$ cat data-v1.pdb   # PDB, C-alpha atoms
ATOM      1  CA  MET H   1       5.610  -7.037   0.741  1.00  0.00           C
ATOM      2  CA  HIS H   2       8.520  -5.659   2.675  1.00  0.00           C
ATOM      3  CA  ASN H   3       9.950  -8.933   3.874  1.00  0.00           C
ATOM      4  CA  GLU H   4      13.325  -8.299   5.484  1.00  0.00           C
ATOM      5  CA  GLN H   5      14.882  -9.238   8.757  1.00  0.00           C
ATOM      6  CA  ASP H   6      17.761  -7.577  10.578  1.00  0.00           C
ATOM      7  CA  SER H   7      20.506 -10.199  10.501  1.00  0.00           C
ATOM      8  CA  VAL H   8      22.068  -8.887  13.720  1.00  0.00           C
ATOM      9  CA  ASN H   9      18.936  -8.375  15.832  1.00  0.00           C
ATOM     10  CA  ARG H  10      16.556 -11.036  14.540  1.00  0.00           C
ATOM     11  CA  ASP H  11      13.807 -10.497  17.143  1.00  0.00           C
ATOM     12  CA  ASP H  12      13.454  -6.750  16.694  1.00  0.00           C
ATOM     13  CA  GLY H  13      14.140  -6.547  12.984  1.00  0.00           C
ATOM     14  CA  LEU H  14      11.291  -8.553  11.463  1.00  0.00           C
ATOM     15  CA  LEU H  15       9.325  -6.488   8.967  1.00  0.00           C
ATOM     16  CA  ALA H  16       7.345  -9.258   7.246  1.00  0.00           C
ATOM     17  CA  LEU H  17       3.630  -8.705   6.745  1.00  0.00           C
ATOM     18  CA  LEU H  18       3.585  -5.359   8.529  1.00  0.00           C
ATOM     19  CA  GLY H  19       2.369  -3.660   5.387  1.00  0.00           C
ATOM     20  CA  ALA H  20       0.848  -4.867   2.149  1.00  0.00           C
ATOM     21  CA  GLU H  21      -0.681  -3.620  -1.073  1.00  0.00           C
ATOM     22  CA  ILE H  22      -3.090  -5.623  -3.189  1.00  0.00           C
ATOM     23  CA  ILE H  23      -3.063  -4.265  -6.726  1.00  0.00           C
ATOM     24  CA  THR H  24      -6.037  -5.058  -8.960  1.00  0.00           C
ATOM     25  CA  ASP H  25      -7.592  -3.712 -12.159  1.00  0.00           C
ATOM     26  CA  ALA H  26     -10.060  -1.750  -9.992  1.00  0.00           C
ATOM     27  CA  GLY H  27      -7.429  -0.087  -7.806  1.00  0.00           C
ATOM     28  CA  VAL H  28      -5.087  -0.641  -4.885  1.00  0.00           C
ATOM     29  CA  LEU H  29      -5.999  -1.814  -1.390  1.00  0.00           C
ATOM     30  CA  ALA H  30      -3.203  -0.736   0.945  1.00  0.00           C
ATOM     31  CA  MET H  31      -2.612  -1.770   4.533  1.00  0.00           C
ATOM     32  CA  ALA H  32       0.013   0.513   6.016  1.00  0.00           C
ATOM     33  CA  ASP H  33       0.554  -1.608   9.124  1.00  0.00           C
ATOM     34  CA  CYS H  34      -1.040  -4.689  10.696  1.00  0.00           C
ATOM     35  CA  SER H  35      -2.911  -2.378  13.101  1.00  0.00           C
ATOM     36  CA  GLY H  36      -4.243  -0.230  10.255  1.00  0.00           C
ATOM     37  CA  PRO H  37      -5.273   1.839   8.496  1.00  0.00           C
ATOM     38  CA  ALA H  38      -6.608   0.104   5.396  1.00  0.00           C
ATOM     39  CA  LEU H  39      -6.915   2.486   2.438  1.00  0.00           C
ATOM     40  CA  TRP H  40      -8.582   2.160  -0.963  1.00  0.00           C
ATOM     41  CA  TYR H  41      -7.145   3.888  -4.021  1.00  0.00           C
ATOM     42  CA  PRO H  42      -9.478   3.311  -6.978  1.00  0.00           C
ATOM     43  CA  ARG H  43      -8.045   3.193 -10.484  1.00  0.00           C
ATOM     44  CA  LEU H  44      -7.670   6.634 -11.993  1.00  0.00           C
ATOM     45  CA  GLU H  45     -10.276   7.249 -14.661  1.00  0.00           C
ATOM     46  CA  MET H  46     -10.057  10.628 -16.318  1.00  0.00           C
ATOM     47  CA  GLY H  47     -13.059  10.493 -18.565  1.00  0.00           C
ATOM     48  CA  ARG H  48     -13.627  14.188 -19.112  1.00  0.00           C
ATOM     49  CA  LEU H  49     -12.050  17.638 -18.937  1.00  0.00           C
ATOM     50  CA  ASP H  50     -13.125  20.260 -16.402  1.00  0.00           C
ATOM     51  CA  ALA H  51     -13.845  23.950 -17.141  1.00  0.00           C
ATOM     52  CA  PHE H  52     -10.090  24.689 -17.168  1.00  0.00           C
ATOM     53  CA  GLY H  53      -9.276  21.840 -19.566  1.00  0.00           C
ATOM     54  CA  LEU H  54      -7.709  19.703 -16.842  1.00  0.00           C
ATOM     55  CA  PRO H  55      -8.458  15.978 -16.672  1.00  0.00           C
ATOM     56  CA  ALA H  56     -11.270  15.171 -14.241  1.00  0.00           C
ATOM     57  CA  GLY H  57     -12.593  11.937 -12.824  1.00  0.00           C
ATOM     58  CA  LEU H  58     -15.871  10.441 -13.810  1.00  0.00           C
ATOM     59  CA  PRO H  59     -18.948  11.632 -11.891  1.00  0.00           C
ATOM     60  CA  GLY H  60     -19.497   9.588  -8.735  1.00  0.00           C
ATOM     61  CA  SER H  61     -15.908   8.282  -8.662  1.00  0.00           C
ATOM     62  CA  PRO H  62     -14.884   7.196  -5.158  1.00  0.00           C
ATOM     63  CA  HIS H  63     -12.393   9.376  -3.313  1.00  0.00           C
ATOM     64  CA  ARG H  64      -8.744   8.395  -3.505  1.00  0.00           C
ATOM     65  CA  GLY H  65      -7.242   7.238  -0.225  1.00  0.00           C
ATOM     66  CA  LEU H  66     -10.630   6.278   1.174  1.00  0.00           C
ATOM     67  CA  VAL H  67     -10.080   5.030   4.742  1.00  0.00           C
ATOM     68  CA  LEU H  68     -11.762   1.632   5.060  1.00  0.00           C
ATOM     69  CA  SER H  69     -10.620   1.006   8.612  1.00  0.00           C
ATOM     70  CA  SER H  70      -8.881   3.504  10.802  1.00  0.00           C
ATOM     71  CA  SER H  71      -6.066   2.973  13.242  1.00  0.00           C
ATOM     72  CA  PRO H  72      -6.259   4.185  16.830  1.00  0.00           C
ATOM     73  CA  GLY H  73      -2.517   4.839  16.712  1.00  0.00           C
ATOM     74  CA  TRP H  74      -1.530   1.967  18.978  1.00  0.00           C
ATOM     75  CA  SER H  75       1.863   1.658  20.572  1.00  0.00           C
ATOM     76  CA  LEU H  76       3.285  -1.800  19.849  1.00  0.00           C
ATOM     77  CA  ASP H  77       2.752  -2.782  23.505  1.00  0.00           C
ATOM     78  CA  ASP H  78      -0.922  -1.790  23.437  1.00  0.00           C
ATOM     79  CA  PHE H  79      -1.484  -3.382  20.054  1.00  0.00           C
ATOM     80  CA  ILE H  80      -0.118  -6.746  21.241  1.00  0.00           C
ATOM     81  CA  ARG H  81      -1.697  -6.574  24.706  1.00  0.00           C
ATOM     82  CA  ILE H  82      -5.142  -5.275  23.682  1.00  0.00           C
ATOM     83  CA  ALA H  83      -5.990  -5.705  20.003  1.00  0.00           C
ATOM     84  CA  TRP H  84      -4.033  -8.854  19.162  1.00  0.00           C
ATOM     85  CA  THR H  85      -5.055 -10.813  22.249  1.00  0.00           C
ATOM     86  CA  ALA H  86      -8.690  -9.683  21.886  1.00  0.00           C
ATOM     87  CA  ALA H  87      -8.755 -10.887  18.266  1.00  0.00           C
ATOM     88  CA  ILE H  88      -7.300 -14.277  19.244  1.00  0.00           C
ATOM     89  CA  ALA H  89      -9.791 -14.622  22.130  1.00  0.00           C
ATOM     90  CA  GLU H  90     -12.709 -13.798  19.807  1.00  0.00           C
ATOM     91  CA  ASP H  91     -11.525 -16.402  17.280  1.00  0.00           C
ATOM     92  CA  ILE H  92     -11.327 -19.042  20.024  1.00  0.00           C
ATOM     93  CA  ARG H  93     -14.833 -18.147  21.286  1.00  0.00           C
ATOM     94  CA  ALA H  94     -16.217 -18.250  17.730  1.00  0.00           C
ATOM     95  CA  CYS H  95     -14.710 -21.698  17.130  1.00  0.00           C
ATOM     96  CA  ALA H  96     -16.148 -22.948  20.423  1.00  0.00           C
ATOM     97  CA  ARG H  97     -19.628 -21.593  19.528  1.00  0.00           C
ATOM     98  CA  ALA H  98     -19.427 -23.074  16.042  1.00  0.00           C
ATOM     99  CA  SER H  99     -18.518 -26.539  17.291  1.00  0.00           C
ATOM    100  CA  VAL H 100     -21.827 -26.810  19.170  1.00  0.00           C
ATOM    101  CA  GLY H 101     -23.892 -24.394  17.106  1.00  0.00           C
ATOM    102  CA  SER H 102     -26.163 -24.357  14.100  1.00  0.00           C
ATOM    103  CA  GLY H 103     -25.371 -24.711  10.414  1.00  0.00           C
ATOM    104  CA  SER H 104     -24.539 -20.995  10.056  1.00  0.00           C
ATOM    105  CA  ASP H 105     -22.071 -21.251  12.969  1.00  0.00           C
ATOM    106  CA  ARG H 106     -20.411 -24.209  11.287  1.00  0.00           C
ATOM    107  CA  ARG H 107     -20.171 -22.264   8.024  1.00  0.00           C
ATOM    108  CA  GLU H 108     -18.426 -19.484   9.960  1.00  0.00           C
ATOM    109  CA  LEU H 109     -16.005 -22.070  11.385  1.00  0.00           C
ATOM    110  CA  ALA H 110     -15.317 -23.388   7.878  1.00  0.00           C
ATOM    111  CA  ARG H 111     -14.687 -19.823   6.699  1.00  0.00           C
ATOM    112  CA  SER H 112     -12.223 -19.275   9.572  1.00  0.00           C
ATOM    113  CA  ILE H 113     -10.380 -22.462   8.664  1.00  0.00           C
ATOM    114  CA  ALA H 114     -10.294 -21.351   5.015  1.00  0.00           C
ATOM    115  CA  ASP H 115      -8.921 -17.938   6.054  1.00  0.00           C
ATOM    116  CA  ALA H 116      -6.162 -19.612   8.072  1.00  0.00           C
ATOM    117  CA  THR H 117      -5.367 -21.807   5.073  1.00  0.00           C
ATOM    118  CA  TRP H 118      -5.133 -18.752   2.781  1.00  0.00           C
ATOM    119  CA  TRP H 119      -2.767 -17.041   5.240  1.00  0.00           C
ATOM    120  CA  THR H 120      -0.637 -20.180   5.328  1.00  0.00           C
ATOM    121  CA  LEU H 121      -0.481 -20.294   1.523  1.00  0.00           C
ATOM    122  CA  LEU H 122       0.314 -16.557   1.318  1.00  0.00           C
ATOM    123  CA  SER H 123       3.072 -16.876   3.920  1.00  0.00           C
ATOM    124  CA  ARG H 124       4.524 -19.854   2.079  1.00  0.00           C
ATOM    125  CA  GLU H 125       4.457 -17.920  -1.210  1.00  0.00           C
ATOM    126  CA  ILE H 126       6.150 -14.849   0.299  1.00  0.00           C
ATOM    127  CA  GLY H 127       8.831 -17.022   1.836  1.00  0.00           C
ATOM    128  CA  LEU H 128      11.239 -16.439   4.665  1.00  0.00           C
ATOM    129  CA  PRO H 129      12.497 -12.899   5.231  1.00  0.00           C
ATOM    130  CA  ALA H 130      15.618 -11.792   3.401  1.00  0.00           C
ATOM    131  CA  GLN H 131      18.543 -10.795   5.569  1.00  0.00           C
ATOM    132  CA  ALA H 132      18.860  -7.022   5.544  1.00  0.00           C
ATOM    133  CA  GLU H 133      22.226  -5.408   5.866  1.00  0.00           C
ATOM    134  CA  ARG H 134      22.293  -3.466   9.112  1.00  0.00           C
ATOM    135  CA  GLU H 135      24.021  -0.508   7.451  1.00  0.00           C
ATOM    136  CA  ALA H 136      21.119  -0.117   5.032  1.00  0.00           C
ATOM    137  CA  TRP H 137      18.728   0.692   7.888  1.00  0.00           C
ATOM    138  CA  ARG H 138      20.754   3.200   9.824  1.00  0.00           C
ATOM    139  CA  LEU H 139      19.345   6.696   9.672  1.00  0.00           C
ATOM    140  CA  ASP H 140      21.931   9.270   8.795  1.00  0.00           C
ATOM    141  CA  ALA H 141      21.666  12.851  10.093  1.00  0.00           C
ATOM    142  CA  ALA H 142      23.375  14.140   6.929  1.00  0.00           C
ATOM    143  CA  TRP H 143      20.649  12.559   4.795  1.00  0.00           C
ATOM    144  CA  PHE H 144      17.942  14.318   6.838  1.00  0.00           C
ATOM    145  CA  GLU H 145      19.785  17.613   6.359  1.00  0.00           C
ATOM    146  CA  GLN H 146      19.827  17.060   2.589  1.00  0.00           C
ATOM    147  CA  VAL H 147      16.095  16.339   2.575  1.00  0.00           C
ATOM    148  CA  ARG H 148      15.384  19.389   4.729  1.00  0.00           C
ATOM    149  CA  ALA H 149      17.482  21.590   2.407  1.00  0.00           C
ATOM    150  CA  ILE H 150      15.452  20.385  -0.586  1.00  0.00           C
ATOM    151  CA  ALA H 151      12.116  20.768   1.200  1.00  0.00           C
ATOM    152  CA  GLU H 152      12.947  24.174   2.706  1.00  0.00           C
ATOM    153  CA  PRO H 153      15.055  26.107   0.185  1.00  0.00           C
ATOM    154  CA  GLU H 154      16.562  29.299   1.502  1.00  0.00           C
TER     155      GLU H 154
END

$ encode --input "data-v1.pdb" --output "structure tokens"
Amino acid sequence: MHNEQDSVNRDDGLLALLGAEIITDAGVLAMADCSGPALWYPRLEMGRLDAFGLPAGLPGSPHRGLVLSSSPGWSLDDFIRIAWTAAIAEDIRACARASVGSGSDRRELARSIADATWWTLLSREIGLPAQAEREAWRLDAAWFEQVRAIAEPE
């Protein structure tokens, strides 16, 4: 988790929970941003050699970087105004339906409460954001020139 906060501009500098990677024995589930995309990188398994003697994956291995959910490329304004508020409204409607609904609706409500509990526990475990030094964030034109010189040798 990148969990830093700009100590000078606390409202605009919060980076907590904008991206996450869950690393397991089976591979890595990566969320680049809270609006997506979610990507799956299965564990590398090189079980055989190809015709050129290079390591090759096992037959039927899933593709690396498989997009599980795409991102429409929201601006922050649109993401907050459209996606975030729609998700909150749907959660409220689902809770209202579940409170008067059948057993399956109540199970869905219990699952939603469990999800909220897991997020609370995860947030508590991650902790409060560290204070980032403002100088560490500043983009430097000289650095970009160095990168460009490496990427585009003359």

$ resolve_selection --input "data-v1.pdb" --expression "the PyMOL selection byres ((chain H and resi 71-84) around 9)" --output "list in words"
Ser35, Gly36, Pro37, Ala38, Ser69, Ser70, Thr85, Ala86, Ala87, Ile88 and Ala89 of chain H

$ residues_around --input "data-v1.pdb" --residues "Arg106 in chain H" --least-positions-apart "5" --cutoff "12 Å" --atoms "all atoms listed in the file" --output "list in words"
Ala94, Cys95, Ala96, Arg97, Ala98, Ser99, Val100, Gly101, Arg111, Ser112 and Ile113 of chain H

$ atom_distance --input "data-v1.pdb" --atom1 "CA of Pro129 in chain H" --atom2 "CA of Asp115 in chain H"
22.0 Å

$ residues_around --input "data-v1.pdb" --residues "Gly19 in chain H" --least-positions-apart "6" --cutoff "12 Å" --atoms "only C-alpha atoms" --output "list of chain:residue names"
H:Met1, H:His2, H:Asn3, H:Glu4, H:Leu29, H:Ala30, H:Met31, H:Ala32, H:Asp33, H:Cys34, H:Ser35, H:Gly36, H:Pro37, H:Ala38, H:Leu39

$ closest_residue --input "data-v1.pdb" --among "H:Met46, H:Leu58, H:Asp91, H:Thr120" --to "Glu108 in chain H" --atoms "all atoms listed in the file"
H:Asp91

$ atom_distance --input "data-v1.pdb" --atom1 "CA of Ile22 in chain H" --atom2 "CA of Ser123 in chain H"
14.7 Å

$ atom_distance --input "data-v1.pdb" --atom1 "CA of Arg48 in chain H" --atom2 "CA of Val28 in chain H"
22.3 Å

$ resolve_selection --input "data-v1.pdb" --expression "the PyMOL selection byres ((chain H and resi 59) around 12)" --output "compact mmCIF listing (two decimals) with C-alpha atoms, keeping the file's coordinate frame"
# COMPACT_ATOMS: atom_id res chain seq x y z
CA GLU H 45 -10.28 7.25 -14.66
CA MET H 46 -10.06 10.63 -16.32
CA GLY H 47 -13.06 10.49 -18.57
CA ARG H 48 -13.63 14.19 -19.11
CA LEU H 49 -12.05 17.64 -18.94
CA ASP H 50 -13.12 20.26 -16.40
CA ALA H 56 -11.27 15.17 -14.24
CA GLY H 57 -12.59 11.94 -12.82
CA LEU H 58 -15.87 10.44 -13.81
CA GLY H 60 -19.50 9.59 -8.74
CA SER H 61 -15.91 8.28 -8.66
CA PRO H 62 -14.88 7.20 -5.16
CA HIS H 63 -12.39 9.38 -3.31
